[in-house]
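Trainee: This structure is in structure tokens; I'll ask about it shortly.
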Amino acid sequence: MLKRIDHIGIAVRSLQETIPYYEKTLGLKPSAVEEVESQKVRTVFFEIGEVHIELLEPTSPESPVAKFMEKNGGPGIHHIAFCTDDIGEQLKQASSNGCRLIHEVPIEGAGDKMVAFLHPKSTFGVLTEFCAAK
């Protein structure tokens with residue numbers, strides 16, 4: 001069962017250039033920068049209420065985030081993530097209702113979480129992530 005929106009992922013070209021906007025202009029406090037090797041990105045989170053904003057900087061041209069920016073003409077909203085207690089059950093539910101899974105088995109993600117994505121071609125254009133604490 002989904003519990004809440006966990007975060008909104010935003011693809012950026014450079015964390016160094018983007019963090020000051022969220023920190024100084026919006027007044028949000030950044031987390032430590034973390035590299036997520038499985039997704040070939042560096043990330044930072046900003047907390048606002050119970051939701052986080054996740055900035056994603058690709059570390060390789062092969063990164064899904066780099067490919068997203070190439071396909072869509074640059075930075076922008078990349079995905080929405082929902083917190084769940086049971087990613088496996090969420091994936092089964094999505095699959096049984098016709099969603100194409102990018103990950104059939106959860107992988108390690110940022111923030112000490114396990115994550116899995118649904119393909120945007122089966123979610124009306126929105127890359128959807130399920131995440132849960134390890």
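Labels used: A, B, ... for chains in the order of the structure tokens, numbers from 1 for residues in each chain, and numbers from 1 for ligands as shown.
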Please return, as a PDB file with N, CA and C atoms, in the first residue's frame, all residues of range 30-108 of chain A that DSSP assigns to helix (DSSP H, G or I) on the basis of the backbone.
Mentor:
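Result written to out39.pdb:
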ATOM      1  N   GLU A  37      25.586   4.625  -7.649  1.00  0.00           N
ATOM      2  CA  GLU A  37      26.254   3.970  -8.772  1.00  0.00           C
ATOM      3  C   GLU A  37      25.294   3.198  -9.655  1.00  0.00           C
ATOM      4  N   SER A  38      24.270   2.570  -9.058  1.00  0.00           N
ATOM      5  CA  SER A  38      23.338   1.763  -9.849  1.00  0.00           C
ATOM      6  C   SER A  38      22.583   2.598 -10.879  1.00  0.00           C
ATOM      7  N   GLN A  39      22.404   3.891 -10.615  1.00  0.00           N
ATOM      8  CA  GLN A  39      21.691   4.774 -11.539  1.00  0.00           C
ATOM      9  C   GLN A  39      22.615   5.771 -12.238  1.00  0.00           C
ATOM     10  N   PRO A  64      20.427   6.877 -16.965  1.00  0.00           N
ATOM     11  CA  PRO A  64      19.044   7.132 -17.385  1.00  0.00           C
ATOM     12  C   PRO A  64      18.683   8.619 -17.308  1.00  0.00           C
ATOM     13  N   VAL A  65      19.277   9.344 -16.373  1.00  0.00           N
ATOM     14  CA  VAL A  65      18.988  10.779 -16.251  1.00  0.00           C
ATOM     15  C   VAL A  65      19.611  11.549 -17.413  1.00  0.00           C
ATOM     16  N   ALA A  66      20.832  11.185 -17.817  1.00  0.00           N
ATOM     17  CA  ALA A  66      21.457  11.829 -18.975  1.00  0.00           C
ATOM     18  C   ALA A  66      20.632  11.578 -20.234  1.00  0.00           C
ATOM     19  N   LYS A  67      20.152  10.352 -20.405  1.00  0.00           N
ATOM     20  CA  LYS A  67      19.331  10.013 -21.564  1.00  0.00           C
ATOM     21  C   LYS A  67      18.008  10.773 -21.532  1.00  0.00           C
ATOM     22  N   PHE A  68      17.436  10.930 -20.341  1.00  0.00           N
ATOM     23  CA  PHE A  68      16.201  11.704 -20.188  1.00  0.00           C
ATOM     24  C   PHE A  68      16.417  13.142 -20.657  1.00  0.00           C
ATOM     25  N   MET A  69      17.513  13.765 -20.203  1.00  0.00           N
ATOM     26  CA  MET A  69      17.769  15.160 -20.580  1.00  0.00           C
ATOM     27  C   MET A  69      18.042  15.280 -22.077  1.00  0.00           C
ATOM     28  N   GLU A  70      18.746  14.313 -22.645  1.00  0.00           N
ATOM     29  CA  GLU A  70      19.018  14.340 -24.082  1.00  0.00           C
ATOM     30  C   GLU A  70      17.708  14.233 -24.867  1.00  0.00           C
ATOM     31  N   LYS A  71      16.847  13.339 -24.454  1.00  0.00           N
ATOM     32  CA  LYS A  71      15.573  13.111 -25.140  1.00  0.00           C
ATOM     33  C   LYS A  71      14.620  14.296 -24.983  1.00  0.00           C
ATOM     34  N   ASN A  72      14.635  14.932 -23.806  1.00  0.00           N
ATOM     35  CA  ASN A  72      13.668  15.983 -23.511  1.00  0.00           C
ATOM     36  C   ASN A  72      14.220  17.402 -23.630  1.00  0.00           C
ATOM     37  N   ILE A  87       7.596  -2.948  -1.524  1.00  0.00           N
ATOM     38  CA  ILE A  87       7.831  -2.695  -2.947  1.00  0.00           C
ATOM     39  C   ILE A  87       7.436  -3.911  -3.783  1.00  0.00           C
ATOM     40  N   GLY A  88       7.760  -5.086  -3.309  1.00  0.00           N
ATOM     41  CA  GLY A  88       7.426  -6.294  -4.057  1.00  0.00           C
ATOM     42  C   GLY A  88       5.947  -6.388  -4.354  1.00  0.00           C
ATOM     43  N   GLU A  89       5.131  -6.115  -3.368  1.00  0.00           N
ATOM     44  CA  GLU A  89       3.676  -6.164  -3.554  1.00  0.00           C
ATOM     45  C   GLU A  89       3.214  -5.063  -4.504  1.00  0.00           C
ATOM     46  N   GLN A  90       3.807  -3.866  -4.396  1.00  0.00           N
ATOM     47  CA  GLN A  90       3.440  -2.763  -5.297  1.00  0.00           C
ATOM     48  C   GLN A  90       3.782  -3.121  -6.736  1.00  0.00           C
ATOM     49  N   LEU A  91       4.950  -3.764  -6.941  1.00  0.00           N
ATOM     50  CA  LEU A  91       5.342  -4.164  -8.288  1.00  0.00           C
ATOM     51  C   LEU A  91       4.392  -5.221  -8.845  1.00  0.00           C
ATOM     52  N   LYS A  92       3.993  -6.178  -8.015  1.00  0.00           N
ATOM     53  CA  LYS A  92       3.030  -7.200  -8.451  1.00  0.00           C
ATOM     54  C   LYS A  92       1.712  -6.550  -8.855  1.00  0.00           C
ATOM     55  N   GLN A  93       1.235  -5.631  -8.036  1.00  0.00           N
ATOM     56  CA  GLN A  93      -0.029  -4.946  -8.318  1.00  0.00           C
ATOM     57  C   GLN A  93       0.064  -4.171  -9.628  1.00  0.00           C
ATOM     58  N   ALA A  94       1.168  -3.440  -9.804  1.00  0.00           N
ATOM     59  CA  ALA A  94       1.342  -2.655 -11.029  1.00  0.00           C
ATOM     60  C   ALA A  94       1.401  -3.566 -12.249  1.00  0.00           C
ATOM     61  N   SER A  95       2.191  -4.616 -12.155  1.00  0.00           N
ATOM     62  CA  SER A  95       2.352  -5.550 -13.273  1.00  0.00           C
ATOM     63  C   SER A  95       1.028  -6.229 -13.625  1.00  0.00           C
ATOM     64  N   SER A  96       0.300  -6.662 -12.620  1.00  0.00           N
ATOM     65  CA  SER A  96      -0.971  -7.353 -12.878  1.00  0.00           C
ATOM     66  C   SER A  96      -2.027  -6.418 -13.459  1.00  0.00           C
TER      67      SER A  96
END
Trainee: Residues at most 8 Å from Lys40 in chain A, counting only C-alpha atoms, excluding those fewer than 2 positions away in the same chain, as a ChimeraX atom specification?
Mentor: /A:35-38,42,58-60,62-64
Trainee: Suppose we keep C-alpha atoms; can you now write the selection as a short mmCIF file (atom, residue, chain, number, x, y, z; two decimals), in the first residue's frame?
Mentor:
data_model
loop_
_atom_site.label_atom_id
_atom_site.label_comp_id
_atom_site.auth_asym_id
_atom_site.auth_seq_id
_atom_site.Cartn_x
_atom_site.Cartn_y
_atom_site.Cartn_z
CA GLU A 35 26.49 9.01 -5.51
CA VAL A 36 24.14 6.24 -6.60
CA GLU A 37 26.25 3.97 -8.77
CA SER A 38 23.34 1.76 -9.85
CA ARG A 42 24.83 12.09 -7.87
CA PRO A 58 24.20 12.24 -14.25
CA THR A 59 27.72 10.89 -13.76
CA SER A 60 27.79 9.16 -17.17
CA GLU A 62 24.79 6.22 -20.11
CA SER A 63 22.84 7.33 -17.04
CA PRO A 64 19.04 7.13 -17.38
#
Trainee: Taking 5 positions as the minimum chain separation for residues in the same chain, which residues sit within 9 Å of Ser31 in chain A when counting only C-alpha atoms? Answer as a PDB file with C-alpha atoms, in the first residue's frame.
Mentor:
ATOM      1  CA  VAL A  44      20.984  15.714  -3.099  1.00  0.00           C
ATOM      2  CA  PHE A  45      17.674  16.026  -1.255  1.00  0.00           C
ATOM      3  CA  PHE A  46      15.806  19.046   0.087  1.00  0.00           C
ATOM      4  CA  GLU A  47      13.039  18.476   2.623  1.00  0.00           C
TER       5      GLU A  47
END
Trainee: Pick out the residues sitting within 12 Å of His52 in chain A, and hand them over as a tab-separated table (two decimals) with N, CA and C atoms, in the first residue's frame; count only C-alpha atoms, and ignore anything fewer than 3 positions along from it in its own chain.
Mentor:
chain	number	residue	atom	x	y	z
A	4	ARG	N	2.59	7.64	0.97
A	4	ARG	CA	2.67	9.08	0.72
A	4	ARG	C	3.58	9.31	-0.47
A	5	ILE	N	3.60	10.54	-0.95
A	5	ILE	CA	4.62	10.93	-1.92
A	5	ILE	C	5.91	11.09	-1.14
A	6	ASP	N	6.95	10.40	-1.56
A	6	ASP	CA	8.24	10.49	-0.89
A	6	ASP	C	9.05	11.66	-1.44
A	7	HIS	N	9.18	11.70	-2.77
A	7	HIS	CA	9.95	12.80	-3.35
A	7	HIS	C	9.60	12.99	-4.82
A	8	ILE	N	10.03	14.14	-5.32
A	8	ILE	CA	9.94	14.46	-6.73
A	8	ILE	C	11.37	14.60	-7.23
A	9	GLY	N	11.72	13.83	-8.25
A	9	GLY	CA	13.07	13.85	-8.80
A	9	GLY	C	13.18	14.86	-9.93
A	10	ILE	N	14.23	15.68	-9.89
A	10	ILE	CA	14.45	16.69	-10.91
A	10	ILE	C	15.84	16.48	-11.52
A	22	TYR	N	17.97	26.29	-4.70
A	22	TYR	CA	17.10	25.67	-3.69
A	22	TYR	C	17.49	26.12	-2.28
A	28	LEU	N	15.83	26.29	1.42
A	28	LEU	CA	15.78	24.89	1.83
A	28	LEU	C	17.18	24.40	2.16
A	29	LYS	N	17.27	23.46	3.09
A	29	LYS	CA	18.56	22.93	3.51
A	29	LYS	C	18.87	21.64	2.76
A	30	PRO	N	20.05	21.58	2.10
A	30	PRO	CA	20.38	20.36	1.36
A	30	PRO	C	20.92	19.26	2.25
A	31	SER	N	20.68	18.02	1.84
A	31	SER	CA	21.31	16.87	2.47
A	31	SER	C	22.74	16.78	1.92
A	43	THR	N	23.15	12.66	-6.22
A	43	THR	CA	21.89	13.23	-5.78
A	43	THR	C	22.06	14.07	-4.53
A	44	VAL	N	21.11	14.95	-4.33
A	44	VAL	CA	20.98	15.71	-3.10
A	44	VAL	C	19.48	15.90	-2.87
A	45	PHE	N	19.09	15.88	-1.61
A	45	PHE	CA	17.67	16.03	-1.25
A	45	PHE	C	17.45	17.32	-0.48
A	46	PHE	N	16.27	17.90	-0.69
A	46	PHE	CA	15.81	19.05	0.09
A	46	PHE	C	14.45	18.65	0.67
A	47	GLU	N	14.29	18.83	1.97
A	47	GLU	CA	13.04	18.48	2.62
A	47	GLU	C	12.11	19.68	2.66
A	48	ILE	N	10.87	19.43	2.29
A	48	ILE	CA	9.84	20.46	2.41
A	48	ILE	C	8.57	19.76	2.88
A	49	GLY	N	8.23	19.98	4.14
A	49	GLY	CA	7.13	19.24	4.75
A	49	GLY	C	7.51	17.77	4.82
A	55	LEU	N	17.46	16.31	-6.44
A	55	LEU	CA	18.16	16.74	-7.65
A	55	LEU	C	19.04	15.59	-8.11
A	80	ILE	N	8.29	10.93	-10.10
A	80	ILE	CA	7.62	11.07	-8.81
A	80	ILE	C	7.77	9.74	-8.08
A	81	ALA	N	8.10	9.82	-6.79
A	81	ALA	CA	8.35	8.61	-6.01
A	81	ALA	C	7.32	8.48	-4.89
A	82	PHE	N	6.80	7.28	-4.76
A	82	PHE	CA	5.83	6.96	-3.72
A	82	PHE	C	6.46	6.03	-2.70
A	83	CYS	N	6.28	6.34	-1.44
A	83	CYS	CA	6.77	5.52	-0.34
A	83	CYS	C	5.79	4.37	-0.11
A	111	GLY	N	19.50	7.71	-0.34
A	111	GLY	CA	18.83	7.87	0.95
A	111	GLY	C	18.63	6.59	1.71
Trainee: Which of these residues is nearest to Glu23 in chain A, using only C-alpha atoms: A:Ile53, A:Ala11, A:Ala132, A:Met1?
Mentor: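 For Glu23 in chain A, the nearest of the given residues is A:Ile53.
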Trainee: Based on DSSP run over this structure's backbone, return all residues of chain A in strand (DSSP E or B), as a ChimeraX atom specification.
Mentor: /A:2-11,30,34-36,41-48,51-58,76-84,101,107-108,113-118,128-133
Trainee: Contacts of Ile102 in chain A at 7 Å or less, counting only C-alpha atoms, minus same-chain residues fewer than 4 places along, as a PDB file with C-alpha atoms, in the first residue's frame?
Mentor:
ATOM      1  CA  PHE A 117      10.584   2.130 -11.354  1.00  0.00           C
ATOM      2  CA  LEU A 118       7.565   1.765 -13.627  1.00  0.00           C
ATOM      3  CA  HIS A 119       8.031   2.620 -17.297  1.00  0.00           C
TER       4      HIS A 119
END
Trainee: May I have the residues within 6 Å of range 120-123 of chain A as a list in words, using only C-alpha atoms and disregarding those fewer than 2 positions away in the same chain?
Mentor: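 Everything that qualifies: Cys99, Arg100, Gly125, Val126 and Leu127 of chain A.
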